[in-house]
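Participant: Pasting a structure here, questions to come.
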Number of protein chains: 2
Amino acid sequence: MSAKRDQIEAVATRAIKGSGLGSVSFRTLADEVGVKSSSVHYHFRTKDDLAEAVIRRYSTDFEAILARIDSEHATPIERLDAFIDVYEAAVQNGDICLCGMMAAELTSLDDAGQRALRGYFRLNEQWLEKLFATSETSLQGVTPAELAQLFIAGLQGATLIDRAEG
Amino acid sequence: MSAKRDQIEAVATRAIKGSGLGSVSFRTLADEVGVKSSSVHYHFRTKDDLAEAVIRRYSTDFEAILARIDSEHATPIERLDAFIDVYEAAVQNGDICLCGMMAAELTSLDDAGQRALRGYFRLNEQWLEKLFATSETSLQGVTPAELAQLFIAGLQGATLIDRAEG
DNA sequence: GACAATCTACCTAGTGATAGATAGACTGTG
DNA sequence: CACAGTCTATCTATCACTAGGTAGATTGTC
């Protein structure tokens with residue numbers, strides 16, 4: 001895993017968060033990193049490859065964050081607080097979840113990209129679902145799975161709309 | 001307001017809902033309507049103009065829906081149900097809120113477009129806020145305005161993620 | 001020398017946008 | 001009524017530019 005490849009992924013991630021995959025080109029990417037566009041193609045054969053790699057990286061990074069939360073906090077409530085803090089910190093930072101951004105561009109992703117994106121949301125949901133299941137809190141008739149879905153939907157929607165409204 | 005212009009707006013709206021403003025071109029739009037791209041430019045001088053017009057139209061259409069809900073339903077609970085039904089029907093229909101879609105593309109909109117988009121979300125929030133304010137239900141320490149924001153964030157996020165997960 | 005990484009130089013296809021022309025409907029005036 | 005002028009809506013043709021992608025030469029390092 002070369003350093004340049006990492007750098008390209010990082011720059012691409014930031015750019016996509018800012019204005020979506022559609023407005024990120026091999027040329028602008030290359031310029032920012034300081035190489036030629038063909039060099040970007042060397043590391044990521046197609047734009048679909050780039051998109052998938054960026055989602056995968058984001059997903060595994062997030063997985064690590066969840067693991068850290070689990071190890072640092074014991075109770076469900078503390079863990080949930082820590083989870084929300086991650087999203088809130090991003091919003092405060094003017095940052096948007098990469099995958100929330102790309103959910104809007106879903107149809108312009110190839111199969112592998114769509115699968116990777118689904119993986120990220122499932123990762124979120126399953127973690128939250130386990131959390132809600134172990135918690136004694138139970139709202140009338142709402143399953144932990146439903147609650148988990150509701151939760152990330154709220155968070156993702158909030159980050160998007162927050163930026164639109166300021 | 002010519003019929004062709006209306007038709008172009010309608011086709012553009014559907015296309016943007018499907019895959020965003022970025023993947024809608026004057027040419028594809030023109031082909032679908034059955035005219036030349038220059039004729040689309042006649043009605044909408046720039047792409048920014050087109051985007052703004054589409055958002056405005058969507059917004060006023062939605063305003064009419066809210067007015068109808070107000071006139072057809074008396075109690076806050078019934079009105080809220082009717083509101084949710086609108087979003088749920090859209091999701092069931094494989095449809096995504098135009099403005100939720102464009103919230104992701106916010107930065108590629110010009111000032112007028114961004115203002116129009118903000119207008120849509122404010123329209124939603126203010127309607128919901130008034131609804132929650134008149135309702136006797138009050139969660140501990142949550143203002144009607146906050147509740148309204150939470151609510152559309154959840155709905156918007158849900159429509160986006162629903163499509164990603166199926 | 002082999003291999004990884006980067007370059008130069010190019011291609012094809014598509015973009016938003018503009019210029020200039022034209023057919024037909026509308027409008028005001030003598 | 002008739003005619004001149006004007007407006008609407010569309011066309012053809014083209015612009016300058018950017019997109020993703022590719023072939024082949026060059027460089028540097030083990």
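Labels for the structure tokens follow display order: chains A, B, ..., residues from 1 in each chain, ligands from 1.
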Starting from chain D, keep only residues with some atom at most 8 Å from an atom of chain B, counting only C-alpha atoms (C1' of nucleotides), and report them as a list in words.

Facilitator: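 Here they are: DA9, DT10 and DC11 of chain D.
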
Participant: For the selection just defined, write its residues with C-alpha atoms (C1' of nucleotides) to a file, as a short mmCIF file (atom, residue, chain, number, x, y, z; two decimals), in the first residue's frame.

Facilitator:
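Once everything was written out, this is part-v7.cif:
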```
data_model
loop_
_atom_site.label_atom_id
_atom_site.label_comp_id
_atom_site.auth_asym_id
_atom_site.auth_seq_id
_atom_site.Cartn_x
_atom_site.Cartn_y
_atom_site.Cartn_z
"C1'" DA D 9 -40.34 28.65 -29.69
"C1'" DT D 10 -37.64 26.05 -31.99
"C1'" DC D 11 -33.85 24.64 -35.08
#
```

Participant: Go through range 53-123 of chain B residue by residue and, counting only C-alpha atoms, keep those with an atom at most 10 Å from range 137-161 of chain A; for each kept residue give the shortest atom pair and its distance in Å to one decimal, ordered by chain and increasing number, as CSV.

Facilitator:
```
residue,atom,partner,partner_atom,distance
B:Cys99,CA,A:Ile161,CA,9.6
B:Gly100,CA,A:Ile161,CA,7.9
B:Met101,CA,A:Leu160,CA,9.6
B:Met102,CA,A:Leu160,CA,9.7
B:Ala103,CA,A:Leu160,CA,6.2
B:Ala104,CA,A:Leu160,CA,6.5
B:Glu105,CA,A:Leu160,CA,9.8
B:Leu106,CA,A:Leu160,CA,9.2
B:Leu117,CA,A:Ile161,CA,9.9
B:Arg118,CA,A:Ile161,CA,8.7
B:Phe121,CA,A:Ile161,CA,7.7
```

Participant: Output N, CA and C atoms for every residue in that selection, as a short mmCIF file (atom, residue, chain, number, x, y, z; two decimals), in the first residue's frame.

Facilitator:
```cif
data_model
loop_
_atom_site.label_atom_id
_atom_site.label_comp_id
_atom_site.auth_asym_id
_atom_site.auth_seq_id
_atom_site.Cartn_x
_atom_site.Cartn_y
_atom_site.Cartn_z
N CYS B 99 -35.45 17.43 -2.72
CA CYS B 99 -34.59 18.33 -1.96
C CYS B 99 -33.62 17.57 -1.08
N GLY B 100 -34.01 16.39 -0.61
CA GLY B 100 -33.08 15.55 0.13
C GLY B 100 -31.92 15.17 -0.76
N MET B 101 -32.27 14.85 -2.00
CA MET B 101 -31.27 14.50 -3.00
C MET B 101 -30.31 15.68 -3.22
N MET B 102 -30.88 16.85 -3.39
CA MET B 102 -30.06 18.00 -3.72
C MET B 102 -29.31 18.57 -2.52
N ALA B 103 -29.74 18.19 -1.32
CA ALA B 103 -29.01 18.63 -0.14
C ALA B 103 -27.58 18.12 -0.20
N ALA B 104 -27.42 16.93 -0.80
CA ALA B 104 -26.08 16.36 -0.93
C ALA B 104 -25.26 17.15 -1.95
N GLU B 105 -25.94 17.76 -2.90
CA GLU B 105 -25.23 18.49 -3.97
C GLU B 105 -25.19 19.99 -3.69
N LEU B 106 -25.52 20.34 -2.47
CA LEU B 106 -25.63 21.74 -2.09
C LEU B 106 -24.52 22.63 -2.64
N LEU B 117 -33.38 25.92 -1.78
CA LEU B 117 -33.34 24.65 -1.07
C LEU B 117 -33.60 24.86 0.42
N ARG B 118 -32.95 25.86 0.97
CA ARG B 118 -33.17 26.19 2.37
C ARG B 118 -34.65 26.48 2.61
N PHE B 121 -36.70 23.32 3.20
CA PHE B 121 -36.54 22.71 4.52
C PHE B 121 -37.18 23.56 5.61
#
```

Participant: Residues within 9 Å of Ile55 in chain A, please, as a ChimeraX atom specification. Count only C-alpha atoms (C1' of nucleotides); anything in the same chain fewer than 2 positions from it doesn't count.

Facilitator: /A:13,50-53,57-60,98-99,102,113,116-117,120

Participant: Kindly save the residues from that selection, with N, CA and C atoms included, as an mmCIF file, in the first residue's frame.

Facilitator:
```cif
data_model
loop_
_atom_site.group_PDB
_atom_site.id
_atom_site.type_symbol
_atom_site.label_atom_id
_atom_site.label_comp_id
_atom_site.auth_asym_id
_atom_site.auth_seq_id
_atom_site.Cartn_x
_atom_site.Cartn_y
_atom_site.Cartn_z
ATOM 1 N N THR A 13 -11.498 11.329 -0.410
ATOM 2 C CA THR A 13 -12.510 11.262 0.653
ATOM 3 C C THR A 13 -12.982 12.656 1.043
ATOM 4 N N LEU A 50 -12.041 3.542 -7.595
ATOM 5 C CA LEU A 50 -11.732 4.580 -6.614
ATOM 6 C C LEU A 50 -12.863 4.719 -5.594
ATOM 7 N N ALA A 51 -14.080 4.795 -6.098
ATOM 8 C CA ALA A 51 -15.236 4.952 -5.217
ATOM 9 C C ALA A 51 -15.315 3.803 -4.219
ATOM 10 N N GLU A 52 -15.168 2.600 -4.730
ATOM 11 C CA GLU A 52 -15.265 1.441 -3.842
ATOM 12 C C GLU A 52 -14.168 1.466 -2.780
ATOM 13 N N ALA A 53 -12.951 1.765 -3.215
ATOM 14 C CA ALA A 53 -11.826 1.790 -2.276
ATOM 15 C C ALA A 53 -12.056 2.813 -1.178
ATOM 16 N N ARG A 57 -12.385 1.938 2.763
ATOM 17 C CA ARG A 57 -11.471 2.527 3.735
ATOM 18 C C ARG A 57 -12.245 3.243 4.831
ATOM 19 N N TYR A 58 -13.234 4.014 4.412
ATOM 20 C CA TYR A 58 -14.051 4.755 5.373
ATOM 21 C C TYR A 58 -14.747 3.793 6.311
ATOM 22 N N SER A 59 -15.211 2.692 5.756
ATOM 23 C CA SER A 59 -15.948 1.696 6.513
ATOM 24 C C SER A 59 -15.059 1.024 7.560
ATOM 25 N N THR A 60 -13.878 0.625 7.156
ATOM 26 C CA THR A 60 -12.980 -0.047 8.106
ATOM 27 C C THR A 60 -12.487 0.925 9.171
ATOM 28 N N LEU A 98 -19.243 10.533 4.664
ATOM 29 C CA LEU A 98 -18.967 10.171 3.269
ATOM 30 C C LEU A 98 -20.087 9.319 2.685
ATOM 31 N N CYS A 99 -20.557 8.375 3.472
ATOM 32 C CA CYS A 99 -21.535 7.424 2.956
ATOM 33 C C CYS A 99 -22.924 8.037 2.859
ATOM 34 N N MET A 102 -22.786 9.753 -0.375
ATOM 35 C CA MET A 102 -22.817 8.857 -1.529
ATOM 36 C C MET A 102 -24.143 8.103 -1.638
ATOM 37 N N GLY A 113 -19.547 -0.962 -5.661
ATOM 38 C CA GLY A 113 -19.670 0.258 -4.887
ATOM 39 C C GLY A 113 -20.938 0.267 -4.061
ATOM 40 N N ALA A 116 -20.554 -2.076 -1.181
ATOM 41 C CA ALA A 116 -19.695 -1.496 -0.151
ATOM 42 C C ALA A 116 -20.460 -0.477 0.683
ATOM 43 N N LEU A 117 -21.278 0.320 0.006
ATOM 44 C CA LEU A 117 -22.051 1.345 0.700
ATOM 45 C C LEU A 117 -23.061 0.699 1.654
ATOM 46 N N TYR A 120 -21.506 -0.378 4.842
ATOM 47 C CA TYR A 120 -21.298 0.653 5.856
ATOM 48 C C TYR A 120 -22.556 0.856 6.699
#
```

Participant: Give the residues of chain B that lie within 8 Å of chain C; count only C-alpha atoms (C1' of nucleotides), and format the answer as a PyMOL selection string.

Facilitator: chain B and resi 25-26+46-47

Participant: For CA of Gln126 in chain B and CA of Arg163 in chain A, quote the distance in Å rounded to one decimal.

Facilitator: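 Separation of CA of Gln126 in chain B and CA of Arg163 in chain A: 17.6 Å.
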
Participant: Would you please give, as a VMD selection string, all residues of chain A that DSSP assigns to helix (DSSP H, G or I) based on the backbone?

Facilitator: chain A and resid 3 to 19 21 to 23 26 to 33 37 to 43 47 to 72 76 to 92 98 to 104 106 to 108 111 to 134 144 to 165

Participant: Save the residues we just selected, C-alpha atoms, as a CSV table (one decimal), in the first residue's frame?

Facilitator:
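Output saved as again.csv:
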```
chain,number,residue,atom,x,y,z
A,3,ALA,CA,1.9,6.4,0.5
A,4,LYS,CA,0.7,8.1,-2.7
A,5,ARG,CA,-2.2,5.8,-2.9
A,6,ASP,CA,-3.1,6.5,0.6
A,7,GLN,CA,-2.8,10.2,0.0
A,8,ILE,CA,-5.1,10.0,-3.1
A,9,GLU,CA,-7.7,8.1,-1.1
A,10,ALA,CA,-7.5,10.7,1.7
A,11,VAL,CA,-7.9,13.7,-0.7
A,12,ALA,CA,-10.7,11.9,-2.6
A,13,THR,CA,-12.5,11.3,0.7
A,14,ARG,CA,-12.4,14.9,1.7
A,15,ALA,CA,-13.4,16.0,-1.8
A,16,ILE,CA,-16.4,13.6,-2.0
A,17,LYS,CA,-17.5,14.7,1.5
A,18,GLY,CA,-17.5,18.3,0.2
A,19,SER,CA,-19.4,18.0,-3.0
A,21,LEU,CA,-18.3,11.8,-6.2
A,22,GLY,CA,-19.7,13.5,-9.3
A,23,SER,CA,-17.7,16.7,-8.8
A,26,PHE,CA,-9.1,12.4,-11.8
A,27,ARG,CA,-7.5,15.7,-12.9
A,28,THR,CA,-8.5,17.8,-9.9
A,29,LEU,CA,-7.5,14.9,-7.6
A,30,ALA,CA,-4.2,14.6,-9.3
A,31,ASP,CA,-3.5,18.3,-9.1
A,32,GLU,CA,-4.2,18.4,-5.4
A,33,VAL,CA,-2.0,15.4,-4.7
A,37,SER,CA,-4.1,12.0,-13.7
A,38,SER,CA,-2.6,8.9,-15.3
A,39,SER,CA,-0.8,8.2,-12.1
A,40,VAL,CA,-4.1,8.2,-10.3
A,41,HIS,CA,-5.4,5.8,-12.9
A,42,TYR,CA,-2.4,3.6,-12.0
A,43,HIS,CA,-3.6,3.2,-8.5
A,47,LYS,CA,-13.6,5.7,-11.1
A,48,ASP,CA,-15.7,2.9,-9.8
A,49,ASP,CA,-12.6,1.3,-8.3
A,50,LEU,CA,-11.7,4.6,-6.6
A,51,ALA,CA,-15.2,5.0,-5.2
A,52,GLU,CA,-15.3,1.4,-3.8
A,53,ALA,CA,-11.8,1.8,-2.3
A,54,VAL,CA,-12.8,5.0,-0.6
A,55,ILE,CA,-16.0,3.6,0.8
A,56,ARG,CA,-14.1,0.5,2.0
A,57,ARG,CA,-11.5,2.5,3.7
A,58,TYR,CA,-14.1,4.8,5.4
A,59,SER,CA,-15.9,1.7,6.5
A,60,THR,CA,-13.0,0.0,8.1
A,61,ASP,CA,-11.9,3.2,9.8
A,62,PHE,CA,-15.3,3.5,11.2
A,63,GLU,CA,-15.3,-0.1,12.4
A,64,ALA,CA,-12.1,0.7,14.3
A,65,ILE,CA,-13.9,3.6,16.0
A,66,LEU,CA,-16.8,1.4,17.0
A,67,ALA,CA,-14.3,-1.1,18.5
A,68,ARG,CA,-12.6,1.6,20.4
A,69,ILE,CA,-15.9,2.8,21.8
A,70,ASP,CA,-16.7,-0.8,22.9
A,71,SER,CA,-13.4,-1.1,24.7
A,72,GLU,CA,-13.5,2.3,26.3
A,76,PRO,CA,-25.0,0.9,26.6
A,77,ILE,CA,-25.8,4.5,27.5
A,78,GLU,CA,-22.1,5.6,27.6
A,79,ARG,CA,-21.5,3.8,24.3
A,80,LEU,CA,-24.5,5.5,22.6
A,81,ASP,CA,-23.3,8.9,23.9
A,82,ALA,CA,-19.8,8.2,22.5
A,83,PHE,CA,-21.4,7.1,19.1
A,84,ILE,CA,-23.4,10.3,18.9
A,85,ASP,CA,-20.3,12.3,19.8
A,86,VAL,CA,-18.6,11.0,16.7
A,87,TYR,CA,-21.3,12.3,14.4
A,88,GLU,CA,-21.7,15.5,16.3
A,89,ALA,CA,-18.0,16.2,16.1
A,90,ALA,CA,-18.1,15.7,12.4
A,91,VAL,CA,-21.0,18.1,12.0
A,92,GLN,CA,-19.3,20.7,14.2
A,98,LEU,CA,-19.0,10.2,3.3
A,99,CYS,CA,-21.5,7.4,3.0
A,100,GLY,CA,-24.5,9.7,3.6
A,101,MET,CA,-23.2,11.8,0.8
A,102,MET,CA,-22.8,8.9,-1.5
A,103,ALA,CA,-26.2,7.4,-0.6
A,104,ALA,CA,-27.6,10.2,-2.8
A,106,LEU,CA,-26.2,5.5,-5.2
A,107,THR,CA,-27.4,4.9,-8.8
A,108,SER,CA,-24.1,6.2,-10.3
A,111,ASP,CA,-22.5,-3.1,-8.1
A,112,ALA,CA,-19.3,-3.3,-6.0
A,113,GLY,CA,-19.7,0.3,-4.9
A,114,GLN,CA,-23.3,-0.2,-4.0
A,115,ARG,CA,-22.5,-3.3,-2.0
A,116,ALA,CA,-19.7,-1.5,-0.2
A,117,LEU,CA,-22.1,1.3,0.7
A,118,ARG,CA,-24.7,-1.0,2.0
A,119,GLY,CA,-21.9,-2.6,4.1
A,120,TYR,CA,-21.3,0.7,5.9
A,121,PHE,CA,-24.9,1.2,6.8
A,122,ARG,CA,-25.3,-2.4,7.9
A,123,LEU,CA,-22.2,-2.0,10.1
A,124,ASN,CA,-23.8,1.0,11.8
A,125,GLU,CA,-27.2,-0.7,12.2
A,126,GLN,CA,-25.9,-4.0,13.6
A,127,TRP,CA,-23.7,-2.2,16.1
A,128,LEU,CA,-26.6,-0.1,17.3
A,129,GLU,CA,-29.0,-3.0,17.2
A,130,LYS,CA,-26.7,-5.0,19.5
A,131,LEU,CA,-26.5,-2.0,21.8
A,132,PHE,CA,-30.3,-1.5,22.0
A,133,ALA,CA,-30.8,-5.2,22.5
A,134,THR,CA,-28.6,-5.4,25.5
A,144,PRO,CA,-34.0,-2.9,18.5
A,145,ALA,CA,-33.4,-3.3,14.7
A,146,GLU,CA,-36.1,-0.7,13.9
A,147,LEU,CA,-34.8,1.6,16.6
A,148,ALA,CA,-31.3,1.3,15.1
A,149,GLN,CA,-32.5,2.1,11.6
A,150,LEU,CA,-34.4,5.1,12.9
A,151,PHE,CA,-31.3,6.2,14.7
A,152,ILE,CA,-28.9,6.4,11.8
A,153,ALA,CA,-31.6,7.8,9.5
A,154,GLY,CA,-32.0,10.6,12.0
A,155,LEU,CA,-28.2,11.2,12.2
A,156,GLN,CA,-27.6,11.0,8.5
A,157,GLY,CA,-30.5,13.3,7.7
A,158,ALA,CA,-29.4,15.7,10.3
A,159,THR,CA,-25.9,16.1,9.0
A,160,LEU,CA,-27.2,16.8,5.4
A,161,ILE,CA,-29.9,19.2,6.4
A,162,ASP,CA,-27.8,20.9,9.0
A,163,ARG,CA,-25.4,22.0,6.2
A,164,ALA,CA,-28.2,23.1,4.0
A,165,GLU,CA,-29.6,25.3,6.7
```

Participant: Measuring atom to atom with only C-alpha atoms, identify which of A:Asn93, A:Gly34, A:Leu109, A:Ser135 is nearest to chain B.

Facilitator: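 Using only C-alpha atoms, chain B sits closest to A:Leu109.
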
Participant: Taking only C-alpha atoms into account, name the residue in A:Arg45, A:Gly20, A:Thr75, A:Cys97 that is nearest to chain B.

Facilitator: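 Selected residue with least distance to chain B: A:Gly20.
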